[in-house]
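Enquirer: Got entry.txt for you, compact mmCIF, C-alpha atoms:
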```txt
# COMPACT_ATOMS: atom_id res chain seq x y z
CA MET O 15 47.73 13.91 17.41
CA ARG O 16 47.28 17.26 19.08
CA ASP O 17 46.44 18.93 15.77
CA TRP O 18 44.03 16.13 15.06
CA PHE O 19 42.18 16.80 18.32
CA LYS O 20 42.23 20.54 17.60
CA SER O 21 40.65 20.02 14.21
CA GLY O 22 37.59 18.64 15.99
CA SER O 23 37.45 15.59 13.78
CA PRO O 24 37.63 13.06 16.70
CA TRP O 25 34.36 14.46 18.03
CA ILE O 26 32.76 14.18 14.63
CA TRP O 27 33.82 10.54 14.55
CA LEU O 28 32.37 10.09 18.00
CA THR O 29 29.00 11.37 16.81
CA ALA O 30 29.30 9.07 13.81
CA GLY O 31 29.89 6.25 16.29
CA ALA O 32 26.63 7.08 18.06
CA VAL O 33 24.70 6.82 14.80
CA ALA O 34 26.44 3.59 13.88
CA LEU O 35 25.65 2.13 17.31
CA SER O 36 21.98 3.11 17.07
CA VAL O 37 21.61 1.59 13.62
CA LEU O 38 23.39 -1.58 14.75
CA ALA O 39 21.10 -1.75 17.78
CA VAL O 40 17.95 -1.56 15.65
CA ALA O 41 19.27 -4.11 13.20
CA GLY O 42 20.39 -6.27 16.09
CA VAL O 43 17.00 -6.30 17.81
CA LEU O 44 15.19 -7.07 14.57
CA ALA O 45 17.69 -9.80 13.68
CA LEU O 46 17.47 -11.26 17.18
CA THR O 47 13.69 -11.52 17.17
CA ALA O 48 13.71 -12.84 13.61
CA LEU O 49 16.37 -15.47 14.32
CA ARG O 50 14.78 -16.63 17.56
CA GLY O 51 11.30 -16.64 16.09
CA LEU O 52 11.97 -18.14 12.68
CA GLY O 53 14.40 -20.77 14.00
CA HIS O 54 11.28 -22.58 15.08
CA PHE O 55 10.40 -23.41 11.49
CA TRP O 56 13.76 -24.94 10.64
CA PRO O 57 14.54 -27.59 13.23
CA LYS O 58 18.11 -28.82 13.36
CA ALA O 59 19.16 -32.48 13.34
CA VAL O 60 19.02 -34.11 16.77
CA ALA O 61 22.20 -34.91 18.64
CA GLU O 62 22.75 -38.01 20.73
CA THR O 63 24.95 -38.14 23.81
CA SER O 64 25.08 -39.34 27.38
CA TYR O 65 24.69 -37.31 30.55
CA LYS O 66 25.94 -37.89 34.06
CA GLU O 67 23.11 -36.99 36.46
CA LYS O 68 23.71 -35.38 39.84
CA ASP O 69 23.40 -38.80 41.53
CA GLY O 70 26.10 -40.24 39.25
CA GLN O 71 23.77 -42.16 36.99
CA ILE O 72 24.53 -42.04 33.27
CA SER O 73 21.50 -41.42 31.11
CA ARG O 74 21.03 -41.35 27.37
CA LEU O 75 20.16 -38.01 25.86
CA ILE O 76 18.63 -37.23 22.50
CA GLY O 77 17.69 -33.74 21.51
CA GLU O 78 18.37 -30.66 19.49
CA VAL O 79 21.21 -28.40 20.64
CA ARG O 80 19.65 -24.95 20.76
CA GLU O 81 22.24 -22.82 22.46
CA ARG O 82 25.70 -22.84 23.96
CA GLU O 83 26.96 -20.37 26.53
CA GLU O 84 29.76 -19.88 29.01
CA VAL O 85 28.74 -19.83 32.67
CA SER O 86 30.82 -19.40 35.76
CA MET O 87 31.75 -22.63 37.53
CA ARG O 88 30.60 -21.19 40.87
CA ARG O 89 26.99 -20.91 39.72
CA LEU O 90 26.97 -24.53 38.56
CA VAL O 91 28.60 -25.80 41.72
CA GLU O 92 26.08 -23.83 43.79
CA ALA O 93 23.31 -25.44 41.79
CA GLY O 94 24.63 -28.84 42.91
CA PHE O 95 26.52 -30.04 39.84
CA LYS O 96 29.64 -32.06 40.56
CA ILE O 97 32.14 -30.95 37.97
CA GLU O 98 35.82 -31.86 38.10
CA GLY O 99 38.62 -29.38 37.48
CA ASN O 100 38.86 -25.79 38.67
CA GLN O 101 38.46 -23.74 35.50
CA PRO O 102 36.42 -20.58 36.27
CA PHE O 103 34.09 -20.94 33.30
CA VAL O 104 32.56 -23.93 31.57
CA ASP O 105 30.26 -24.18 28.57
CA ARG O 106 26.73 -25.38 28.94
CA LEU O 107 24.36 -26.50 26.23
CA LEU O 108 20.62 -26.03 25.93
CA PHE O 109 18.94 -29.15 24.60
CA LYS O 110 15.45 -29.20 23.21
CA LEU O 111 14.30 -32.58 24.45
CA GLY O 112 10.64 -32.38 23.52
CA ASN O 113 8.50 -35.28 24.78
CA ARG O 114 7.41 -33.49 27.89
CA ASP O 115 5.28 -36.51 28.83
CA VAL O 116 8.45 -38.62 29.16
CA THR O 117 11.16 -36.20 30.30
CA GLY O 118 9.05 -33.68 32.19
CA VAL O 119 10.66 -30.68 30.51
CA ASP O 120 10.96 -29.47 26.93
CA PHE O 121 14.23 -27.63 27.32
CA ARG O 122 17.10 -28.29 29.68
CA TRP O 123 20.61 -26.94 30.18
CA PHE O 124 23.49 -29.41 30.49
CA PRO O 125 27.03 -28.45 31.59
CA GLU O 126 29.34 -29.68 28.87
CA PRO O 127 31.85 -31.52 31.13
CA LEU O 128 29.07 -33.84 32.26
CA LEU O 129 28.11 -34.79 28.71
CA GLY O 130 29.58 -37.64 26.73
CA THR O 131 30.67 -37.32 23.13
CA ILE O 132 28.00 -35.67 21.04
CA ALA O 133 27.04 -37.52 17.91
CA MET H 18 5.38 11.54 64.87
CA TRP H 19 1.66 11.58 65.51
CA GLN H 20 -0.72 9.28 63.71
CA SER H 21 -4.43 9.68 64.01
CA SER H 22 -5.02 6.00 63.23
CA ALA H 23 -3.60 2.77 64.60
CA SER H 24 -0.15 1.83 63.33
CA ASN H 25 -1.15 -1.74 62.47
CA SER H 26 -2.93 -2.75 59.29
CA ASP H 27 -6.13 -4.00 60.96
CA PHE H 28 -8.04 -0.78 60.69
CA GLU H 29 -6.69 0.46 57.40
CA PRO H 30 -3.70 -0.80 55.37
CA LYS H 31 -0.71 1.55 55.28
CA PHE H 32 0.73 2.48 51.92
CA SER H 33 3.48 4.74 50.70
CA LEU H 34 3.92 6.19 47.25
CA SER H 35 7.43 7.47 47.85
CA PRO H 36 9.28 4.23 46.89
CA LEU H 37 7.25 4.15 43.70
CA THR H 38 7.92 7.78 42.90
CA TYR H 39 11.57 7.12 43.66
CA GLY H 40 11.49 4.15 41.30
CA THR H 41 10.00 6.26 38.54
CA ILE H 42 12.70 8.88 38.95
CA LYS H 43 15.38 6.20 39.03
CA ALA H 44 14.11 4.52 35.86
CA ALA H 45 13.92 7.84 34.03
CA THR H 46 17.39 8.88 35.20
CA TYR H 47 19.13 5.70 34.07
CA ALA H 48 17.22 5.71 30.81
CA MET H 49 18.21 9.32 30.13
CA LEU H 50 21.86 8.59 30.99
CA VAL H 51 21.90 6.03 28.18
CA VAL H 52 19.68 7.84 25.73
CA VAL H 53 20.66 11.51 25.81
CA PRO H 54 24.30 11.10 24.72
CA LEU H 55 23.44 8.45 22.15
CA ALA H 56 20.46 10.24 20.62
CA ILE H 57 21.89 13.75 20.59
CA LEU H 58 25.32 12.77 19.27
CA GLY H 59 23.57 10.65 16.67
CA ALA H 60 21.31 13.54 15.72
CA ILE H 61 24.31 15.87 15.38
CA PHE H 62 26.00 13.57 12.91
CA THR H 63 22.88 12.68 10.97
CA GLY H 64 21.58 16.24 10.78
CA TYR H 65 24.78 18.01 9.87
CA PHE H 66 27.67 15.80 8.79
CA MET H 67 26.03 12.84 7.09
CA THR H 68 25.65 12.70 3.31
CA PRO H 69 22.02 13.14 2.21
CA LYS H 70 22.08 9.75 0.51
CA MET H 71 22.95 7.91 3.71
CA ARG H 72 20.60 10.08 5.75
CA THR H 73 17.58 8.92 3.76
CA THR H 74 18.17 5.36 4.93
CA VAL H 75 19.60 5.94 8.41
CA LYS H 76 16.86 8.21 9.74
CA PRO H 77 13.92 5.90 8.96
CA THR H 78 15.93 2.94 10.28
CA ILE H 79 16.38 4.52 13.69
CA GLU H 80 12.77 5.74 13.69
CA ILE H 81 11.62 2.15 13.18
CA MET H 82 12.74 1.57 16.74
CA ALA H 83 9.91 3.80 17.96
CA ALA H 84 7.47 1.49 16.21
CA LEU H 85 8.70 -1.52 18.17
CA PRO H 86 6.07 -2.34 20.81
CA THR H 87 7.51 -1.80 24.27
CA VAL H 88 6.19 -5.22 25.29
CA VAL H 89 8.60 -6.77 22.83
CA LEU H 90 11.45 -4.67 24.22
CA GLY H 91 10.49 -5.56 27.79
CA PHE H 92 10.28 -9.22 26.89
CA LEU H 93 13.70 -9.15 25.23
CA ALA H 94 15.17 -7.18 28.13
CA GLY H 95 13.78 -9.45 30.80
CA LEU H 96 14.37 -12.81 29.16
CA TRP H 97 17.35 -12.28 26.92
CA LEU H 98 19.27 -9.18 27.98
CA ALA H 99 19.09 -9.61 31.78
CA PRO H 100 20.72 -13.09 31.80
CA LEU H 101 23.20 -11.93 29.16
CA VAL H 102 24.26 -8.95 31.26
CA GLU H 103 24.51 -11.08 34.39
CA ASN H 104 26.63 -13.61 32.56
CA ASN H 105 28.89 -11.00 30.91
CA LEU H 106 28.84 -8.20 33.47
CA ALA H 107 32.53 -7.32 33.07
CA GLY H 108 32.15 -7.25 29.29
CA VAL H 109 29.08 -5.01 29.43
CA LEU H 110 30.59 -2.53 31.88
CA LEU H 111 33.84 -2.53 29.95
CA SER H 112 32.10 -1.79 26.65
CA LEU H 113 30.40 1.25 28.20
CA VAL H 114 33.87 2.68 28.82
CA LEU H 115 35.92 1.22 25.99
CA LEU H 116 33.52 1.60 23.08
CA PRO H 117 33.99 5.37 22.67
CA MET H 118 37.75 4.83 22.94
CA CYS H 119 37.64 2.15 20.24
CA VAL H 120 35.78 4.59 17.99
CA LEU H 121 38.38 7.30 18.63
CA LEU H 122 41.18 4.82 18.03
CA ALA H 123 39.66 3.74 14.74
CA ALA H 124 39.24 7.39 13.78
CA TYR H 125 42.90 8.09 14.52
CA ALA H 126 44.00 5.05 12.57
CA TRP H 127 41.91 6.32 9.65
CA HIS H 128 43.53 9.74 9.99
CA LEU H 129 46.98 8.13 9.71
CA LEU H 130 46.10 6.28 6.51
CA PRO H 131 47.56 7.68 3.27
CA GLU H 132 45.43 10.22 1.42
CA SER H 133 44.83 7.88 -1.54
CA LEU H 134 43.15 5.29 0.69
CA ARG H 135 41.13 7.83 2.63
CA GLY H 136 39.80 9.26 -0.61
CA LEU H 137 37.95 6.01 -1.26
CA VAL H 138 35.34 6.90 1.36
CA PRO H 139 34.11 10.47 1.02
CA GLU H 140 33.31 12.59 4.05
CA GLY H 141 29.88 11.99 5.52
CA TRP H 142 30.17 8.21 5.33
CA GLU H 143 32.07 7.85 8.61
CA ALA H 144 29.12 6.18 10.31
CA ALA H 145 29.05 3.42 7.71
CA LEU H 146 32.77 2.85 8.21
CA LEU H 147 32.31 2.63 11.95
CA MET H 148 29.60 -0.03 11.92
CA PRO H 149 31.94 -3.00 11.44
CA VAL H 150 34.41 -1.35 13.84
CA ILE H 151 31.78 -1.13 16.58
CA ALA H 152 30.46 -4.63 16.00
CA LEU H 153 34.01 -6.00 16.14
CA SER H 154 34.94 -3.99 19.25
CA VAL H 155 31.85 -5.14 21.15
CA TRP H 156 32.63 -8.72 20.25
CA LEU H 157 36.28 -8.32 21.28
CA ILE H 158 35.37 -6.64 24.58
CA PHE H 159 32.93 -9.46 25.38
CA GLN H 160 35.70 -11.95 24.65
CA LEU H 161 37.88 -10.06 27.14
CA GLY H 162 35.13 -10.01 29.74
CA HIS H 163 35.29 -13.60 30.94
CA PRO H 164 39.09 -13.80 31.33
CA ILE H 165 38.96 -10.52 33.27
CA GLU H 166 36.20 -11.85 35.53
CA ALA H 167 38.22 -15.02 36.01
CA SER H 168 41.43 -13.29 37.02
CA PHE H 169 40.15 -10.32 39.05
CA PHE H 170 36.66 -11.16 40.24
CA GLY H 171 36.85 -14.83 41.19
CA GLY H 172 35.19 -15.90 37.97
CA ASP H 173 31.87 -14.27 38.76
CA MET H 174 31.57 -10.50 38.92
CA PRO H 175 27.94 -10.27 40.22
CA ASN H 176 28.92 -12.55 43.08
CA TRP H 177 32.13 -10.60 43.71
CA LEU H 178 30.15 -7.35 43.83
CA SER H 179 27.82 -8.67 46.51
CA ASN H 180 30.45 -10.45 48.58
CA GLN H 181 33.40 -8.07 48.37
CA LEU H 182 31.80 -4.69 47.90
CA GLY H 183 28.45 -5.37 49.52
CA ILE H 184 26.59 -4.14 46.45
CA LYS H 185 23.65 -6.44 45.96
CA TYR H 186 23.37 -7.62 42.38
CA GLU H 187 19.92 -8.45 41.10
CA GLN H 188 19.55 -10.01 37.69
CA ARG H 189 16.83 -7.57 36.67
CA ASN H 190 18.43 -4.26 37.45
CA SER H 191 18.63 -0.63 36.44
CA LEU H 192 21.44 -1.29 33.96
CA VAL H 193 19.23 -3.66 31.97
CA VAL H 194 16.30 -1.25 32.15
CA GLY H 195 18.50 1.66 31.10
CA ILE H 196 19.65 -0.20 28.00
CA ALA H 197 16.15 -1.44 27.14
CA MET H 198 14.58 1.97 27.67
CA GLY H 199 17.29 3.28 25.38
CA PHE H 200 15.55 1.47 22.53
CA ALA H 201 12.19 3.01 23.42
CA VAL H 202 13.32 6.58 23.97
CA THR H 203 16.29 7.04 21.58
CA PRO H 204 14.20 7.26 18.38
CA THR H 205 11.93 9.95 19.88
CA ILE H 206 14.78 12.20 20.96
CA PHE H 207 16.88 11.40 17.90
CA SER H 208 14.11 12.21 15.46
CA ILE H 209 13.09 15.58 16.94
CA ALA H 210 16.66 16.70 17.66
CA GLU H 211 17.75 15.69 14.16
CA ASP H 212 14.93 17.72 12.61
CA ALA H 213 15.98 20.72 14.67
CA ILE H 214 19.63 20.41 13.63
CA PHE H 215 18.81 19.75 9.99
CA SER H 216 16.58 22.81 9.73
CA VAL H 217 19.29 25.23 10.85
CA PRO H 218 19.51 27.72 7.95
CA LYS H 219 22.38 26.98 5.56
CA HIS H 220 23.46 30.63 5.37
CA LEU H 221 24.40 30.51 9.07
CA THR H 222 26.63 27.46 8.72
CA SER H 223 28.12 28.62 5.42
CA GLY H 224 28.89 31.98 6.99
CA SER H 225 30.64 30.36 9.90
CA LEU H 226 32.65 28.05 7.66
CA ALA H 227 33.58 30.94 5.38
CA LEU H 228 34.98 32.84 8.33
CA GLY H 229 37.40 29.98 8.91
CA ALA H 230 35.71 27.97 11.64
CA THR H 231 36.23 24.21 11.49
CA PRO H 232 33.11 22.08 10.91
CA TRP H 233 33.12 21.08 14.58
CA GLN H 234 33.43 24.71 15.74
CA THR H 235 30.52 25.60 13.48
CA MET H 236 28.58 22.74 15.01
CA MET H 237 29.20 23.78 18.60
CA GLY H 238 29.02 27.53 18.13
CA VAL H 239 26.31 27.98 15.53
CA VAL H 240 24.26 24.89 14.80
CA LEU H 241 23.78 23.64 18.34
CA LEU H 242 22.83 27.07 19.64
CA THR H 243 20.31 27.70 16.90
CA ALA H 244 18.85 24.23 17.27
CA SER H 245 18.89 24.32 21.08
CA PRO H 246 15.12 24.90 21.58
CA GLY H 247 14.37 21.90 19.38
CA ILE H 248 16.98 19.69 21.06
CA PHE H 249 15.70 20.75 24.44
CA SER H 250 12.11 19.86 23.67
CA ALA H 251 13.32 16.56 22.19
CA VAL H 252 14.99 15.69 25.49
CA MET H 253 11.90 16.70 27.46
CA ILE H 254 9.52 14.66 25.30
CA GLY H 255 11.92 11.75 25.72
CA LEU H 256 11.90 12.27 29.47
CA GLY H 257 8.12 12.28 29.46
CA ARG H 258 8.16 9.01 27.60
CA ALA H 259 10.70 7.51 30.01
CA VAL H 260 8.61 8.52 33.03
CA GLY H 261 5.43 7.05 31.62
CA GLU H 262 7.03 3.88 30.25
CA THR H 263 5.27 0.83 31.69
CA MET H 264 5.90 -2.48 29.96
CA ILE H 265 9.70 -2.37 29.93
CA VAL H 266 10.01 -1.51 33.61
CA LEU H 267 7.28 -3.98 34.48
CA MET H 268 8.98 -6.88 32.71
CA ALA H 269 12.66 -6.08 33.18
CA THR H 270 12.84 -4.95 36.81
CA GLY H 271 12.15 -7.08 39.83
CA ASN H 272 9.25 -4.72 40.70
CA THR H 273 10.47 -4.54 44.28
CA ALA H 274 9.70 -1.19 45.87
CA VAL H 275 13.21 -0.53 47.17
CA MET H 276 14.69 2.91 47.63
CA ASP H 277 18.32 2.84 46.63
CA PHE H 278 19.96 4.34 43.62
CA SER H 279 22.29 1.40 42.90
CA LEU H 280 22.89 0.53 39.27
CA PHE H 281 22.56 -3.16 40.12
CA SER H 282 19.25 -3.21 41.93
CA GLY H 283 15.72 -3.13 40.63
CA PHE H 284 12.87 -0.78 41.48
CA ARG H 285 9.12 -0.45 41.09
CA THR H 286 7.70 2.49 39.18
CA LEU H 287 4.32 4.17 39.54
CA SER H 288 3.21 3.07 36.10
CA ALA H 289 4.33 -0.55 36.56
CA ASN H 290 2.66 -0.54 39.96
CA ILE H 291 -0.67 0.41 38.44
CA GLY H 292 -0.22 -2.29 35.81
CA VAL H 293 0.68 -4.98 38.34
CA GLU H 294 -1.87 -4.20 41.03
CA MET H 295 -4.86 -3.26 38.92
CA PRO H 296 -6.39 -6.75 38.88
CA GLU H 297 -5.92 -7.11 42.65
CA ALA H 298 -7.69 -3.95 43.75
CA GLY H 299 -11.33 -4.24 44.75
CA VAL H 300 -13.54 -1.52 43.35
CA GLY H 301 -13.96 1.33 45.84
CA GLU H 302 -11.52 0.18 48.51
CA THR H 303 -8.41 1.99 49.72
CA HIS H 304 -6.14 0.09 47.36
CA TYR H 305 -8.31 0.99 44.38
CA ARG H 306 -8.37 4.68 45.25
CA LEU H 307 -4.62 4.60 45.82
CA LEU H 308 -4.01 3.39 42.30
CA PHE H 309 -5.85 6.45 41.08
CA LEU H 310 -3.69 8.55 43.36
CA ALA H 311 -0.61 6.91 41.84
CA ALA H 312 -1.94 7.83 38.41
CA LEU H 313 -2.46 11.40 39.58
CA VAL H 314 1.09 11.60 40.92
CA LEU H 315 2.36 10.29 37.59
CA PHE H 316 0.32 12.92 35.77
CA ALA H 317 1.58 15.67 38.07
CA PHE H 318 5.08 14.48 37.32
CA THR H 319 4.78 14.71 33.55
CA PHE H 320 2.82 17.96 33.87
CA VAL H 321 5.59 19.64 35.85
CA VAL H 322 8.28 18.33 33.51
CA ASN H 323 6.43 19.42 30.38
CA THR H 324 5.54 22.85 31.74
CA THR H 325 9.09 23.67 32.80
CA ALA H 326 10.31 22.36 29.47
CA GLU H 327 7.88 24.54 27.56
CA ILE H 328 8.82 27.66 29.54
CA LEU H 329 12.53 27.02 29.06
CA ARG H 330 12.02 26.29 25.39
CA GLN H 331 10.18 29.56 24.87
CA ARG H 332 13.04 31.42 26.56
CA LEU H 333 15.64 29.69 24.37
CA ARG H 334 13.59 30.46 21.31
CA GLU H 335 13.34 34.15 22.13
CA LYS H 336 17.06 34.27 22.83
CA TYR H 337 18.10 32.74 19.50
CA GLN H 338 15.30 34.20 17.42
CA THR H 339 17.52 36.93 16.07
CA VAL H 340 20.14 34.62 14.53
```
For this file, write the structure as structure tokens.
Expert:
Amino acid sequence: MRDWFKSGSPWIWLTAGAVALSVLAVAGVLALTALRGLGHFWPKAVAETSYKEKDGQISRLIGEVREREEVSMRRLVEAGFKIEGNQPFVDRLLFKLGNRDVTGVDFRWFPEPLLGTIA
Amino acid sequence: MWQSSASNSDFEPKFSLSPLTYGTIKAATYAMLVVVPLAILGAIFTGYFMTPKMRTTVKPTIEIMAALPTVVLGFLAGLWLAPLVENNLAGVLLSLVLLPMCVLLAAYAWHLLPESLRGLVPEGWEAALLMPVIALSVWLIFQLGHPIEASFFGGDMPNWLSNQLGIKYEQRNSLVVGIAMGFAVTPTIFSIAEDAIFSVPKHLTSGSLALGATPWQTMMGVVLLTASPGIFSAVMIGLGRAVGETMIVLMATGNTAVMDFSLFSGFRTLSANIGVEMPEAGVGETHYRLLFLAALVLFAFTFVVNTTAEILRQRLREKYQTV
């Protein structure tokens, strides 16, 4: 290992890493904008499920699942969601609801534990 | 302290340009911290070690980044990157530290492979080999991030930072701006520095290698010195771009004129300030004239930076002219 460091080749690899990272970053930004932008033209099938509102009412939910991410439980609890269990992170899903005239919003995040089975 | 006018705002509003100047310096500093290592290391590999075949595709690819409008970068940074960083803070901070180590580890593993396997990828293609390695390591580190936050930081590192350490975490902060500015400034520095390294005469490097120096010793002792004026001006042009950058800092910082150097707080730069306040200033009033003053300060800034850079570059050039 010592000889390997002396030969200087680790530093060459490190510089190679910088190039690789830069290229990945460019490709990543282009792919990100392309995916986000073009996804608009290929809508996914809608999902149907139920959702437990903050006041305990169960409502029916139909929409397109756009995104899923892990958020910390604390942020959700602070926002007023009543979620059972004490896991530090839960998933939440972004639904495209559309019909702004009926629902008021086009997109809305739903914490997964409050959703019913998704069909 | 003696003031010739009243201290309230009735007579004349009171303004200060120092928080904005501070913000400009802060933005440029964090941007350069991200960019300089990335761009210069990248330029070293591309200009000297990379095979010509790969270089013809890699160089234009990175230069494409310079063609990306900064509005797009600012938009991505503010709306996509800032929430992502907030949500995966441990992962992001960890990748800053662990990513170079992962690269070194992969390199060592490659070194341990039998000769027959290593022969499959000729020298100069290391960067291509590392791309999947880096993508995989970033993904792995992000997977580690949430469990680490859960077990050490109460499940939420931004919150832990503010409550336990008293470091206020803002979603749109210098870390996000540093990364986003990296996209805007890296191609500039990379491109000029790479040209400088690539145009080092071959007889110098061949001579050094013939005398028994390793490729890395040749790089550090011969190539970098000869190319130093070019690399230096690359960094300075990049710095000029970072100081003048408007859209990214306007969209990805909170635009609050605070004066602290924390990585996790926002700032307001001179350029973003002009952009934000331009529609609010009435023609001819104090505010309007002050925006011009802000522009003048910004100009003075770049002027001083460029002049010192030019003087230093001339000195370096004279020094290494003989080689």
Enquirer: Within 12 Å of Phe109 (chain O), counting only C-alpha atoms, which residues show up once you throw out same-chain ones fewer than 3 positions away? Write them as a PyMOL selection string, please.
Expert: chain O and resi 58-63+65+75-82+106+112+117+119-126+129+132
Enquirer: If we count all atoms listed in the file, what is near Asn104 (chain H) at a cut-off of 10 Å, once residues fewer than 3 positions away on the same chain are taken out, given as JSON, numbers by chain?
Expert: {"O": [83, 84, 85, 86], "H": [98, 99, 100, 101, 107, 108, 109, 162, 163, 173, 174, 175, 188]}
Enquirer: If you keep C-alpha atoms, can you produce a file of those selected residues as an mmCIF file, keeping the file's coordinate frame?
Expert:
```
data_model
loop_
_atom_site.group_PDB
_atom_site.id
_atom_site.type_symbol
_atom_site.label_atom_id
_atom_site.label_comp_id
_atom_site.auth_asym_id
_atom_site.auth_seq_id
_atom_site.Cartn_x
_atom_site.Cartn_y
_atom_site.Cartn_z
ATOM 1 C CA GLU O 83 26.960 -20.370 26.530
ATOM 2 C CA GLU O 84 29.760 -19.880 29.010
ATOM 3 C CA VAL O 85 28.740 -19.830 32.670
ATOM 4 C CA SER O 86 30.820 -19.400 35.760
ATOM 5 C CA LEU H 98 19.270 -9.180 27.980
ATOM 6 C CA ALA H 99 19.090 -9.610 31.780
ATOM 7 C CA PRO H 100 20.720 -13.090 31.800
ATOM 8 C CA LEU H 101 23.200 -11.930 29.160
ATOM 9 C CA ALA H 107 32.530 -7.320 33.070
ATOM 10 C CA GLY H 108 32.150 -7.250 29.290
ATOM 11 C CA VAL H 109 29.080 -5.010 29.430
ATOM 12 C CA GLY H 162 35.130 -10.010 29.740
ATOM 13 C CA HIS H 163 35.290 -13.600 30.940
ATOM 14 C CA ASP H 173 31.870 -14.270 38.760
ATOM 15 C CA MET H 174 31.570 -10.500 38.920
ATOM 16 C CA PRO H 175 27.940 -10.270 40.220
ATOM 17 C CA GLN H 188 19.550 -10.010 37.690
#
```
Enquirer: Using only C-alpha atoms, determine which residues lie at most 12 Å from Val314 (chain H), disregarding the query and same-chain residues fewer than 3 positions distant; provide the list as a PDB file with C-alpha atoms, in the frame of the given file.
Expert:
```
ATOM      1  CA  LEU H  34       3.920   6.190  47.250  1.00  0.00           C
ATOM      2  CA  SER H  35       7.430   7.470  47.850  1.00  0.00           C
ATOM      3  CA  LEU H  37       7.250   4.150  43.700  1.00  0.00           C
ATOM      4  CA  THR H  38       7.920   7.780  42.900  1.00  0.00           C
ATOM      5  CA  TYR H  39      11.570   7.120  43.660  1.00  0.00           C
ATOM      6  CA  THR H  41      10.000   6.260  38.540  1.00  0.00           C
ATOM      7  CA  VAL H 260       8.610   8.520  33.030  1.00  0.00           C
ATOM      8  CA  GLY H 261       5.430   7.050  31.620  1.00  0.00           C
ATOM      9  CA  THR H 286       7.700   2.490  39.180  1.00  0.00           C
ATOM     10  CA  LEU H 287       4.320   4.170  39.540  1.00  0.00           C
ATOM     11  CA  SER H 288       3.210   3.070  36.100  1.00  0.00           C
ATOM     12  CA  ILE H 291      -0.670   0.410  38.440  1.00  0.00           C
ATOM     13  CA  LEU H 307      -4.620   4.600  45.820  1.00  0.00           C
ATOM     14  CA  LEU H 308      -4.010   3.390  42.300  1.00  0.00           C
ATOM     15  CA  PHE H 309      -5.850   6.450  41.080  1.00  0.00           C
ATOM     16  CA  LEU H 310      -3.690   8.550  43.360  1.00  0.00           C
ATOM     17  CA  ALA H 311      -0.610   6.910  41.840  1.00  0.00           C
ATOM     18  CA  ALA H 317       1.580  15.670  38.070  1.00  0.00           C
ATOM     19  CA  PHE H 318       5.080  14.480  37.320  1.00  0.00           C
ATOM     20  CA  THR H 319       4.780  14.710  33.550  1.00  0.00           C
ATOM     21  CA  PHE H 320       2.820  17.960  33.870  1.00  0.00           C
ATOM     22  CA  VAL H 321       5.590  19.640  35.850  1.00  0.00           C
TER      23      VAL H 321
END
```
Enquirer: Could you tell me how far CA of Glu166 (chain H) sits from CA of Met87 (chain O), in Å to one decimal place?
Expert: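 Here the two named atoms are 11.8 Å from each other.
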Enquirer: CA of Trp142 (chain H) and CA of Met67 (chain H), how far apart in Å?
Expert: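 Straight-line distance from CA of Met67 (chain H) to CA of Trp142 (chain H) works out to 6.5 Å.
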Enquirer: How far is it from CA of Ser64 (chain O) to CA of Leu111 (chain O), in Å with one decimal?
Expert: 13.1 Å
Enquirer: Wanna dump the chain O-chain H contacts at 9 Å for me, each residue with its shortest atom pair and the distance in Å to one decimal, counting all atoms listed in the file, ordered by chain and number, as a tab-separated table?
Expert:
```
residue	atom	partner	partner_atom	distance
O:Met15	CA	H:Tyr125	CA	8.1
O:Trp18	CA	H:Tyr125	CA	8.1
O:Ser21	CA	H:Thr231	CA	6.7
O:Gly22	CA	H:Trp233	CA	5.3
O:Ser23	CA	H:Trp233	CA	7.0
O:Pro24	CA	H:Leu121	CA	6.1
O:Trp25	CA	H:Trp233	CA	7.6
O:Ile26	CA	H:Trp233	CA	6.9
O:Trp27	CA	H:Ala124	CA	6.3
O:Leu28	CA	H:Val120	CA	6.5
O:Thr29	CA	H:Leu58	CA	4.6
O:Ala30	CA	H:Ala144	CA	4.5
O:Gly31	CA	H:Ala144	CA	6.0
O:Ala32	CA	H:Gly59	CA	4.9
O:Val33	CA	H:Gly59	CA	4.4
O:Ala34	CA	H:Ala144	CA	5.2
O:Leu35	CA	H:Ile151	CA	7.0
O:Ser36	CA	H:Ile79	CA	6.7
O:Val37	CA	H:Ile79	CA	6.0
O:Leu38	CA	H:Met148	CA	7.0
O:Ala39	CA	H:Phe200	CA	8.0
O:Val40	CA	H:Met82	CA	6.2
O:Ala41	CA	H:Thr78	CA	8.3
O:Val43	CA	H:Leu93	CA	8.6
O:Thr47	CA	H:Leu93	CA	8.4
O:Glu84	CA	H:Asn104	CA	7.9
O:Val85	CA	H:Asn104	CA	6.6
O:Ser86	CA	H:Gly172	CA	6.0
O:Met87	CA	H:Gly172	CA	7.6
O:Arg88	CA	H:Asp173	CA	7.3
O:Arg89	CA	H:Asp173	CA	8.3
O:Gln101	CA	H:Ala167	CA	8.7
O:Pro102	CA	H:Gly172	CA	5.1
O:Phe103	CA	H:Gly172	CA	7.0
```
Enquirer: Please provide the set of residues having any atom within 10 Å of region 322-324 of chain H, restricted to only C-alpha atoms, with same-chain residues fewer than 3 positions apart removed, written as a count of residues only.
Expert: 14
Enquirer: Excluding region 213-220 of chain H and its own-chain neighbours fewer than 3 positions away, which residues fall within 10 Å of it when counting all atoms listed in the file? Please give them as number ranges by chain.
Expert: H: 57, 60-66, 207-210, 223-226, 236, 239-251, 340
Enquirer: Ranking H:Arg285, H:Val52, H:Asn290, H:Pro36 by minimum distance to Ile206 (chain H) and counting all atoms listed in the file, which one comes first?
Expert: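 Of all the options, H:Val52 lies closest to Ile206 (chain H).
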